[in-house]
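Peer 1: I am sharing run.pdb, which consists of PDB, C-alpha atoms and all ligand atoms:
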ATOM      1  CA  MET A   1     111.506  92.392  92.125  1.00  0.00           C
ATOM      2  CA  THR A   2     108.361  93.004  94.222  1.00  0.00           C
ATOM      3  CA  GLU A   3     109.333  90.363  96.793  1.00  0.00           C
ATOM      4  CA  ASN A   4     112.852  91.818  97.113  1.00  0.00           C
ATOM      5  CA  PHE A   5     111.442  95.298  97.456  1.00  0.00           C
ATOM      6  CA  LEU A   6     109.055  94.213 100.219  1.00  0.00           C
ATOM      7  CA  ALA A   7     111.778  92.207 101.959  1.00  0.00           C
ATOM      8  CA  ASN A   8     113.973  95.320 102.069  1.00  0.00           C
ATOM      9  CA  LYS A   9     111.127  97.389 103.538  1.00  0.00           C
ATOM     10  CA  LYS A  10     110.418  94.694 106.099  1.00  0.00           C
ATOM     11  CA  PHE A  11     114.096  94.607 107.090  1.00  0.00           C
ATOM     12  CA  LEU A  12     114.206  98.403 107.442  1.00  0.00           C
ATOM     13  CA  PHE A  13     111.080  98.657 109.609  1.00  0.00           C
ATOM     14  CA  ASN A  14     111.851  95.562 111.676  1.00  0.00           C
ATOM     15  CA  ASN A  15     115.114  97.218 112.683  1.00  0.00           C
ATOM     16  CA  TRP A  16     113.491 100.573 113.312  1.00  0.00           C
ATOM     17  CA  ALA A  17     110.586  99.205 115.386  1.00  0.00           C
ATOM     18  CA  SER A  18     112.063  99.139 118.907  1.00  0.00           C
ATOM     19  CA  SER A  19     113.230 102.765 118.744  1.00  0.00           C
ATOM     20  CA  TYR A  20     110.458 104.054 116.453  1.00  0.00           C
ATOM     21  CA  ASP A  21     108.398 105.730 119.177  1.00  0.00           C
ATOM     22  CA  TRP A  22     111.399 107.435 120.777  1.00  0.00           C
ATOM     23  CA  ILE A  23     113.213 109.161 117.968  1.00  0.00           C
ATOM     24  CA  PHE A  24     112.498 112.436 116.217  1.00  0.00           C
ATOM     25  CA  PRO A  25     110.416 111.321 113.214  1.00  0.00           C
ATOM     26  CA  SER A  26     107.870 109.832 115.580  1.00  0.00           C
ATOM     27  CA  VAL A  27     107.346 113.158 117.356  1.00  0.00           C
ATOM     28  CA  PHE A  28     106.640 114.619 113.944  1.00  0.00           C
ATOM     29  CA  TYR A  29     104.326 111.733 113.016  1.00  0.00           C
ATOM     30  CA  ARG A  30     102.346 112.079 116.230  1.00  0.00           C
ATOM     31  CA  ALA A  31     101.817 115.782 115.557  1.00  0.00           C
ATOM     32  CA  ILE A  32     100.513 114.763 112.131  1.00  0.00           C
ATOM     33  CA  HIS A  33      98.109 112.232 113.698  1.00  0.00           C
ATOM     34  CA  GLN A  34      96.785 114.948 115.984  1.00  0.00           C
ATOM     35  CA  ARG A  35      96.188 117.338 113.079  1.00  0.00           C
ATOM     36  CA  LEU A  36      94.579 114.539 111.049  1.00  0.00           C
ATOM     37  CA  LEU A  37      91.946 114.001 113.716  1.00  0.00           C
ATOM     38  CA  GLU A  38      90.631 117.525 113.108  1.00  0.00           C
ATOM     39  CA  TYR A  39      89.416 116.316 109.698  1.00  0.00           C
ATOM     40  CA  VAL A  40      88.125 112.874 110.627  1.00  0.00           C
ATOM     41  CA  ASP A  41      84.390 112.426 110.440  1.00  0.00           C
ATOM     42  CA  LEU A  42      83.241 109.037 111.795  1.00  0.00           C
ATOM     43  CA  SER A  43      79.923 107.701 113.009  1.00  0.00           C
ATOM     44  CA  GLU A  44      79.768 105.949 116.394  1.00  0.00           C
ATOM     45  CA  GLN A  45      79.881 102.232 115.577  1.00  0.00           C
ATOM     46  CA  VAL A  46      82.587 102.414 113.008  1.00  0.00           C
ATOM     47  CA  ASN A  47      85.040  99.759 111.829  1.00  0.00           C
ATOM     48  CA  VAL A  48      88.350 101.145 110.566  1.00  0.00           C
ATOM     49  CA  LEU A  49      91.598  99.879 109.059  1.00  0.00           C
ATOM     50  CA  ASP A  50      94.991 101.516 109.554  1.00  0.00           C
ATOM     51  CA  LEU A  51      97.128 100.444 106.628  1.00  0.00           C
ATOM     52  CA  GLY A  52     100.840 100.483 107.513  1.00  0.00           C
ATOM     53  CA  CYS A  53      99.931 101.035 111.152  1.00  0.00           C
ATOM     54  CA  GLY A  54     103.507 100.867 112.466  1.00  0.00           C
ATOM     55  CA  THR A  55     103.486 100.865 116.284  1.00  0.00           C
ATOM     56  CA  GLY A  56      99.739 101.576 116.414  1.00  0.00           C
ATOM     57  CA  ARG A  57      99.859 105.182 117.669  1.00  0.00           C
ATOM     58  CA  LEU A  58      97.138 106.445 115.326  1.00  0.00           C
ATOM     59  CA  LEU A  59      94.687 103.643 116.149  1.00  0.00           C
ATOM     60  CA  GLU A  60      95.290 104.194 119.844  1.00  0.00           C
ATOM     61  CA  ARG A  61      94.387 107.854 119.408  1.00  0.00           C
ATOM     62  CA  LEU A  62      91.301 107.040 117.327  1.00  0.00           C
ATOM     63  CA  ALA A  63      90.077 104.441 119.828  1.00  0.00           C
ATOM     64  CA  THR A  64      90.422 106.974 122.643  1.00  0.00           C
ATOM     65  CA  GLN A  65      88.541 109.684 120.775  1.00  0.00           C
ATOM     66  CA  PHE A  66      85.808 107.320 119.464  1.00  0.00           C
ATOM     67  CA  PRO A  67      84.847 104.925 122.310  1.00  0.00           C
ATOM     68  CA  TYR A  68      82.799 102.572 120.110  1.00  0.00           C
ATOM     69  CA  LEU A  69      85.292 102.388 117.260  1.00  0.00           C
ATOM     70  CA  ARG A  70      86.689  98.993 116.254  1.00  0.00           C
ATOM     71  CA  GLY A  71      90.017  99.014 114.471  1.00  0.00           C
ATOM     72  CA  THR A  72      92.463  96.756 112.676  1.00  0.00           C
ATOM     73  CA  GLY A  73      96.077  97.696 112.126  1.00  0.00           C
ATOM     74  CA  LEU A  74      97.898  96.002 109.265  1.00  0.00           C
ATOM     75  CA  ASP A  75     101.636  96.120 108.719  1.00  0.00           C
ATOM     76  CA  LEU A  76     104.391  94.325 106.860  1.00  0.00           C
ATOM     77  CA  SER A  77     106.766  94.364 109.824  1.00  0.00           C
ATOM     78  CA  PRO A  78     106.280  91.806 112.626  1.00  0.00           C
ATOM     79  CA  ASN A  79     108.441  93.929 114.943  1.00  0.00           C
ATOM     80  CA  MET A  80     106.288  97.016 114.408  1.00  0.00           C
ATOM     81  CA  LEU A  81     103.225  94.879 115.168  1.00  0.00           C
ATOM     82  CA  ARG A  82     104.847  93.519 118.320  1.00  0.00           C
ATOM     83  CA  MET A  83     105.286  97.068 119.606  1.00  0.00           C
ATOM     84  CA  ALA A  84     101.678  97.887 118.679  1.00  0.00           C
ATOM     85  CA  ARG A  85     100.329  94.837 120.531  1.00  0.00           C
ATOM     86  CA  LEU A  86     102.461  95.562 123.615  1.00  0.00           C
ATOM     87  CA  SER A  87     100.893  99.001 124.019  1.00  0.00           C
ATOM     88  CA  ASN A  88      97.366  98.058 122.922  1.00  0.00           C
ATOM     89  CA  ARG A  89      95.150  99.469 125.687  1.00  0.00           C
ATOM     90  CA  HIS A  90      91.979  98.836 123.680  1.00  0.00           C
ATOM     91  CA  HIS A  91      92.135  95.108 122.978  1.00  0.00           C
ATOM     92  CA  PRO A  92      89.903  93.487 121.684  1.00  0.00           C
ATOM     93  CA  ARG A  93      88.469  96.632 120.065  1.00  0.00           C
ATOM     94  CA  LEU A  94      91.837  97.075 118.372  1.00  0.00           C
ATOM     95  CA  ILE A  95      93.673  94.192 116.758  1.00  0.00           C
ATOM     96  CA  TYR A  96      96.870  93.976 114.705  1.00  0.00           C
ATOM     97  CA  VAL A  97      97.558  91.706 111.755  1.00  0.00           C
ATOM     98  CA  GLU A  98     100.545  91.084 109.547  1.00  0.00           C
ATOM     99  CA  GLY A  99     100.072  91.560 105.817  1.00  0.00           C
ATOM    100  CA  LYS A 100     100.865  93.464 102.658  1.00  0.00           C
ATOM    101  CA  ALA A 101      99.036  96.572 101.524  1.00  0.00           C
ATOM    102  CA  GLU A 102      99.092  95.132  97.987  1.00  0.00           C
ATOM    103  CA  SER A 103      96.947  92.095  98.896  1.00  0.00           C
ATOM    104  CA  LEU A 104      94.823  92.719 101.958  1.00  0.00           C
ATOM    105  CA  PRO A 105      93.669  89.665 103.918  1.00  0.00           C
ATOM    106  CA  PHE A 106      90.106  91.005 104.256  1.00  0.00           C
ATOM    107  CA  GLY A 107      86.822  90.507 102.469  1.00  0.00           C
ATOM    108  CA  GLU A 108      84.987  93.154 100.452  1.00  0.00           C
ATOM    109  CA  ALA A 109      83.343  96.179 102.085  1.00  0.00           C
ATOM    110  CA  GLN A 110      84.533  95.401 105.626  1.00  0.00           C
ATOM    111  CA  PHE A 111      85.680  98.862 106.675  1.00  0.00           C
ATOM    112  CA  ASP A 112      83.898 102.203 106.982  1.00  0.00           C
ATOM    113  CA  ALA A 113      87.190 104.081 106.815  1.00  0.00           C
ATOM    114  CA  VAL A 114      90.796 103.328 105.919  1.00  0.00           C
ATOM    115  CA  PHE A 115      93.749 105.364 107.197  1.00  0.00           C
ATOM    116  CA  ASN A 116      97.232 105.486 105.736  1.00  0.00           C
ATOM    117  CA  THR A 117      99.829 107.762 107.319  1.00  0.00           C
ATOM    118  CA  ILE A 118     103.383 108.221 106.021  1.00  0.00           C
ATOM    119  CA  SER A 119     103.251 104.841 104.336  1.00  0.00           C
ATOM    120  CA  PHE A 120     102.046 105.430 100.783  1.00  0.00           C
ATOM    121  CA  LEU A 121     105.522 106.633  99.768  1.00  0.00           C
ATOM    122  CA  HIS A 122     106.840 103.096 100.325  1.00  0.00           C
ATOM    123  CA  TYR A 123     104.607 101.313  97.805  1.00  0.00           C
ATOM    124  CA  LEU A 124     106.014  99.858  94.602  1.00  0.00           C
ATOM    125  CA  GLU A 125     102.486  99.290  93.239  1.00  0.00           C
ATOM    126  CA  PRO A 126     100.411 102.273  94.411  1.00  0.00           C
ATOM    127  CA  GLN A 127      97.491 101.574  92.064  1.00  0.00           C
ATOM    128  CA  GLN A 128      97.207  98.019  93.327  1.00  0.00           C
ATOM    129  CA  VAL A 129      97.132  99.302  96.913  1.00  0.00           C
ATOM    130  CA  LEU A 130      94.349 101.758  96.021  1.00  0.00           C
ATOM    131  CA  ASN A 131      92.390  98.957  94.342  1.00  0.00           C
ATOM    132  CA  GLU A 132      92.665  97.001  97.573  1.00  0.00           C
ATOM    133  CA  VAL A 133      91.599  99.997  99.667  1.00  0.00           C
ATOM    134  CA  ALA A 134      88.532 100.477  97.441  1.00  0.00           C
ATOM    135  CA  ARG A 135      87.701  96.768  97.661  1.00  0.00           C
ATOM    136  CA  VAL A 136      87.680  96.632 101.473  1.00  0.00           C
ATOM    137  CA  LEU A 137      85.808  99.948 101.919  1.00  0.00           C
ATOM    138  CA  THR A 138      82.029 100.053 102.284  1.00  0.00           C
ATOM    139  CA  PRO A 139      80.218 102.152  99.632  1.00  0.00           C
ATOM    140  CA  GLY A 140      80.531 105.771 100.756  1.00  0.00           C
ATOM    141  CA  GLY A 141      83.452 104.854 103.043  1.00  0.00           C
ATOM    142  CA  ARG A 142      86.392 107.216 103.312  1.00  0.00           C
ATOM    143  CA  PHE A 143      90.094 106.815 102.694  1.00  0.00           C
ATOM    144  CA  TYR A 144      92.375 109.206 104.607  1.00  0.00           C
ATOM    145  CA  LEU A 145      95.727 109.363 102.829  1.00  0.00           C
ATOM    146  CA  VAL A 146      98.458 111.319 104.623  1.00  0.00           C
ATOM    147  CA  ASP A 147     101.909 111.635 103.122  1.00  0.00           C
ATOM    148  CA  PHE A 148     104.589 114.031 101.938  1.00  0.00           C
ATOM    149  CA  THR A 149     103.752 115.810  98.711  1.00  0.00           C
ATOM    150  CA  PHE A 150     105.125 118.469  96.380  1.00  0.00           C
ATOM    151  CA  GLN A 151     103.440 121.119  94.315  1.00  0.00           C
ATOM    152  CA  LYS A 152     105.383 121.586  91.086  1.00  0.00           C
ATOM    153  CA  GLU A 153     104.518 118.911  88.541  1.00  0.00           C
ATOM    154  CA  THR A 154     107.908 119.547  86.862  1.00  0.00           C
ATOM    155  CA  GLU A 155     109.647 118.072  89.913  1.00  0.00           C
ATOM    156  CA  LEU A 156     107.756 114.869  89.330  1.00  0.00           C
ATOM    157  CA  GLU A 157     110.243 112.930  87.222  1.00  0.00           C
ATOM    158  CA  LYS A 158     113.089 113.465  89.607  1.00  0.00           C
ATOM    159  CA  LEU A 159     111.075 112.572  92.682  1.00  0.00           C
ATOM    160  CA  LEU A 160     109.247 109.591  91.292  1.00  0.00           C
ATOM    161  CA  VAL A 161     112.129 107.166  91.604  1.00  0.00           C
ATOM    162  CA  SER A 162     114.330 107.689  94.618  1.00  0.00           C
ATOM    163  CA  PRO A 163     117.349 105.552  95.516  1.00  0.00           C
ATOM    164  CA  LEU A 164     115.671 104.919  98.882  1.00  0.00           C
ATOM    165  CA  GLY A 165     112.703 103.309  97.169  1.00  0.00           C
ATOM    166  CA  VAL A 166     110.217 106.016  98.098  1.00  0.00           C
ATOM    167  CA  ARG A 167     107.875 108.074  95.903  1.00  0.00           C
ATOM    168  CA  PHE A 168     105.903 111.234  96.496  1.00  0.00           C
ATOM    169  CA  TYR A 169     102.693 112.232  94.723  1.00  0.00           C
ATOM    170  CA  SER A 170     101.352 115.679  93.892  1.00  0.00           C
ATOM    171  CA  PRO A 171      97.721 116.491  94.804  1.00  0.00           C
ATOM    172  CA  LYS A 172      96.736 116.063  91.150  1.00  0.00           C
ATOM    173  CA  GLN A 173      98.458 112.685  90.901  1.00  0.00           C
ATOM    174  CA  ARG A 174      96.646 111.493  93.993  1.00  0.00           C
ATOM    175  CA  GLU A 175      93.337 112.482  92.423  1.00  0.00           C
ATOM    176  CA  ILE A 176      94.140 110.608  89.211  1.00  0.00           C
ATOM    177  CA  LEU A 177      95.325 107.474  91.014  1.00  0.00           C
ATOM    178  CA  GLY A 178      92.283 107.518  93.300  1.00  0.00           C
ATOM    179  CA  PHE A 179      89.860 108.010  90.406  1.00  0.00           C
ATOM    180  CA  ALA A 180      91.298 104.974  88.591  1.00  0.00           C
ATOM    181  CA  SER A 181      90.363 102.900  91.666  1.00  0.00           C
ATOM    182  CA  SER A 182      86.864 104.421  92.100  1.00  0.00           C
ATOM    183  CA  LEU A 183      88.020 106.608  94.983  1.00  0.00           C
ATOM    184  CA  LEU A 184      86.811 110.162  94.473  1.00  0.00           C
ATOM    185  CA  CYS A 185      88.872 112.963  95.948  1.00  0.00           C
ATOM    186  CA  GLU A 186      86.811 115.111  98.325  1.00  0.00           C
ATOM    187  CA  SER A 187      89.485 117.481  99.618  1.00  0.00           C
ATOM    188  CA  HIS A 188      93.159 118.154 100.350  1.00  0.00           C
ATOM    189  CA  HIS A 189      94.495 119.678 103.584  1.00  0.00           C
ATOM    190  CA  TYR A 190      98.074 120.520 104.541  1.00  0.00           C
ATOM    191  CA  LEU A 191      98.693 119.133 108.029  1.00  0.00           C
ATOM    192  CA  LEU A 192     102.313 120.050 108.744  1.00  0.00           C
ATOM    193  CA  GLY A 193     104.797 121.485 106.222  1.00  0.00           C
ATOM    194  CA  PRO A 194     104.733 119.341 103.059  1.00  0.00           C
ATOM    195  CA  VAL A 195     102.536 116.651 104.617  1.00  0.00           C
ATOM    196  CA  LEU A 196      99.208 116.565 102.832  1.00  0.00           C
ATOM    197  CA  LEU A 197      95.970 114.818 103.816  1.00  0.00           C
ATOM    198  CA  THR A 198      93.803 113.759 100.888  1.00  0.00           C
ATOM    199  CA  ILE A 199      90.295 112.550 101.720  1.00  0.00           C
ATOM    200  CA  PHE A 200      88.717 110.148  99.230  1.00  0.00           C
ATOM    201  CA  ALA A 201      85.232 108.656  99.240  1.00  0.00           C
ATOM    202  CA  LYS A 202      84.309 105.362  97.614  1.00  0.00           C
ATOM    203  CA  GLY A 203      81.371 105.737  95.234  1.00  0.00           C
ATOM    204  CA  GLN A 204      77.982 104.428  96.480  1.00  0.00           C
TER     205      GLN A 204
HETATM  206  C1  LIG B   1     106.996 105.379 108.413  1.00  0.00           C
HETATM  207  S1  LIG B   1     106.065 104.030 109.009  1.00  0.00           S
HETATM  208  C2  LIG B   1     104.518 104.821 109.414  1.00  0.00           C
HETATM  209  C3  LIG B   1     103.798 104.091 110.509  1.00  0.00           C
HETATM  210  C4  LIG B   1     102.508 104.741 110.986  1.00  0.00           C
HETATM  211  N1  LIG B   1     101.501 104.770 109.950  1.00  0.00           N
HETATM  212  C5  LIG B   1     102.737 106.123 111.541  1.00  0.00           C
HETATM  213  O1  LIG B   1     102.049 107.068 111.135  1.00  0.00           O
HETATM  214  O2  LIG B   1     103.592 106.286 112.445  1.00  0.00           O
HETATM  215  C6  LIG B   1     105.611 103.107 107.543  1.00  0.00           C
HETATM  216  C7  LIG B   1     105.020 101.750 107.865  1.00  0.00           C
HETATM  217  O3  LIG B   1     104.532 101.168 106.655  1.00  0.00           O
HETATM  218  C8  LIG B   1     104.830  99.775 106.680  1.00  0.00           C
HETATM  219  N2  LIG B   1     104.859  99.296 105.278  1.00  0.00           N
HETATM  220  C9  LIG B   1     105.710  99.691 104.291  1.00  0.00           C
HETATM  221  N3  LIG B   1     105.404  99.058 103.142  1.00  0.00           N
HETATM  222  C10 LIG B   1     104.334  98.260 103.410  1.00  0.00           C
HETATM  223  C11 LIG B   1     103.533  97.371 102.625  1.00  0.00           C
HETATM  224  N4  LIG B   1     103.789  97.188 101.326  1.00  0.00           N
HETATM  225  N5  LIG B   1     102.496  96.731 103.227  1.00  0.00           N
HETATM  226  C12 LIG B   1     102.239  96.913 104.546  1.00  0.00           C
HETATM  227  N6  LIG B   1     102.955  97.747 105.345  1.00  0.00           N
HETATM  228  C13 LIG B   1     103.988  98.418 104.777  1.00  0.00           C
HETATM  229  C14 LIG B   1     106.177  99.691 107.383  1.00  0.00           C
HETATM  230  O4  LIG B   1     106.428  98.402 107.897  1.00  0.00           O
HETATM  231  C15 LIG B   1     106.025 100.768 108.455  1.00  0.00           C
HETATM  232  O5  LIG B   1     105.528 100.257 109.667  1.00  0.00           O
END
Could the structure of this file be written out as structure tokens, please?
Ligand SMILES: C[S@@+](CC[C@H](N)C(=O)[O-])C[C@H]1O[C@@H](n2cnc3c(N)ncnc32)[C@H](O)[C@@H]1O
Peer 2:
Amino acid sequence: MTENFLANKKFLFNNWASSYDWIFPSVFYRAIHQRLLEYVDLSEQVNVLDLGCGTGRLLERLATQFPYLRGTGLDLSPNMLRMARLSNRHHPRLIYVEGKAESLPFGEAQFDAVFNTISFLHYLEPQQVLNEVARVLTPGGRFYLVDFTFQKETELEKLLVSPLGVRFYSPKQREILGFASSLLCESHHYLLGPVLLTIFAKGQ
């Protein structure tokens, strides 16, 4: 079940990769990245992970804004990663690796911050992904989760299982999921329409 689910996601994003940066959703995603940066608080020599990095646009932006930042982009789709590597102007500060959000190929406490934009909706095992995020974060490190949300808890049941294999989480649900993985919610911020940034901190 999990392997089939991931294979379907990989197929979808592999096919989308070559046009990803040129079609409408990407314009929307880039506007979201720009708004996200208004809330990002990083020290100078920081090491960050972008989980579900796609074509690497967010890391590129972060590396430009923070000249000493080192970053790793992880994604399921080799074609997305190929696009990211082709436009990587910050190598070797930025690198891209293939992997699954559910089992990250990194040791404990390697990253000062983890980013995740418009990707969390695709996870079959969200709690497992949050456990992995908490594992690779340094104590006090932050997790920036950006995704579509909804407000009314009553809409939950209908939105939880979509035929497209995506799920949305209310602000409260995000807090509960984060707490179960030792990620404490610091704040929520609407970035664009229903796209919500939730900032978590890993306990010291
Ligand atoms: C809509 S794209 C978002 C890309 C990028 N974060 C952005 O803001 O433009 C979602 C990305 O998540 C990746 N993805 C989906 N499920 C994944 C998983 N389980 N593990 C790793 N990457 C995954 C896809 O391959 C795709 O590149």
Peer 1: Rounded to one decimal in Å, what is the spacing between CA of Leu183 in chain A and CA of Phe111 in chain A?
Peer 2: 14.2 Å
Peer 1: Determine, counting only C-alpha atoms, which protein, DNA and RNA residues have an atom within 7 Å of an atom of Ala113 in chain A; residues of the same chain fewer than 4 positions away are not included. Present the result as a list in words.
Peer 2: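 Selected residues are Asn47, Val48, Leu49, Leu137, Gly141, Arg142 and Phe143 of chain A.
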Peer 1: Can you list what the PyMOL selection byres (((chain A and resi 31) around 12) and not hetatm) grabs from this structure, as a list in words?
Peer 2: Phe24, Pro25, Ser26, Val27, Phe28, Tyr29, Arg30, Ile32, His33, Gln34, Arg35, Leu36, Leu37, Glu38, Arg57, Leu58, Arg61, Thr117, Leu191, Leu192, Gly193 and Val195 of chain A
Peer 1: Keeping only C-alpha atoms, take the residues you just selected and write them out as a PDB file, in the coordinates of the input.
Peer 2:
ATOM      1  CA  PHE A  24     112.498 112.436 116.217  1.00  0.00           C
ATOM      2  CA  PRO A  25     110.416 111.321 113.214  1.00  0.00           C
ATOM      3  CA  SER A  26     107.870 109.832 115.580  1.00  0.00           C
ATOM      4  CA  VAL A  27     107.346 113.158 117.356  1.00  0.00           C
ATOM      5  CA  PHE A  28     106.640 114.619 113.944  1.00  0.00           C
ATOM      6  CA  TYR A  29     104.326 111.733 113.016  1.00  0.00           C
ATOM      7  CA  ARG A  30     102.346 112.079 116.230  1.00  0.00           C
ATOM      8  CA  ILE A  32     100.513 114.763 112.131  1.00  0.00           C
ATOM      9  CA  HIS A  33      98.109 112.232 113.698  1.00  0.00           C
ATOM     10  CA  GLN A  34      96.785 114.948 115.984  1.00  0.00           C
ATOM     11  CA  ARG A  35      96.188 117.338 113.079  1.00  0.00           C
ATOM     12  CA  LEU A  36      94.579 114.539 111.049  1.00  0.00           C
ATOM     13  CA  LEU A  37      91.946 114.001 113.716  1.00  0.00           C
ATOM     14  CA  GLU A  38      90.631 117.525 113.108  1.00  0.00           C
ATOM     15  CA  ARG A  57      99.859 105.182 117.669  1.00  0.00           C
ATOM     16  CA  LEU A  58      97.138 106.445 115.326  1.00  0.00           C
ATOM     17  CA  ARG A  61      94.387 107.854 119.408  1.00  0.00           C
ATOM     18  CA  THR A 117      99.829 107.762 107.319  1.00  0.00           C
ATOM     19  CA  LEU A 191      98.693 119.133 108.029  1.00  0.00           C
ATOM     20  CA  LEU A 192     102.313 120.050 108.744  1.00  0.00           C
ATOM     21  CA  GLY A 193     104.797 121.485 106.222  1.00  0.00           C
ATOM     22  CA  VAL A 195     102.536 116.651 104.617  1.00  0.00           C
TER      23      VAL A 195
END
Peer 1: Quick check on the file I pasted: which residues fall under the PyMOL selection byres (((chain A and resi 179) around 12) and not hetatm)? Write them as a PyMOL selection string.
Peer 2: chain A and resi 127+130-131+134+172-178+180-186+200-203
Peer 1: How would you report the residues lying within 6 Å of ligand LIG 1 (chain B), as a list in words, if you count all atoms listed in the file?
Peer 2: Lys9, Lys10, Phe13, Tyr29, Gly52, Cys53, Gly54, Asp75, Leu76, Ser77, Met80, Gly99, Lys100, Ala101, Thr117, Ile118, Ser119, His122 and Tyr123 of chain A
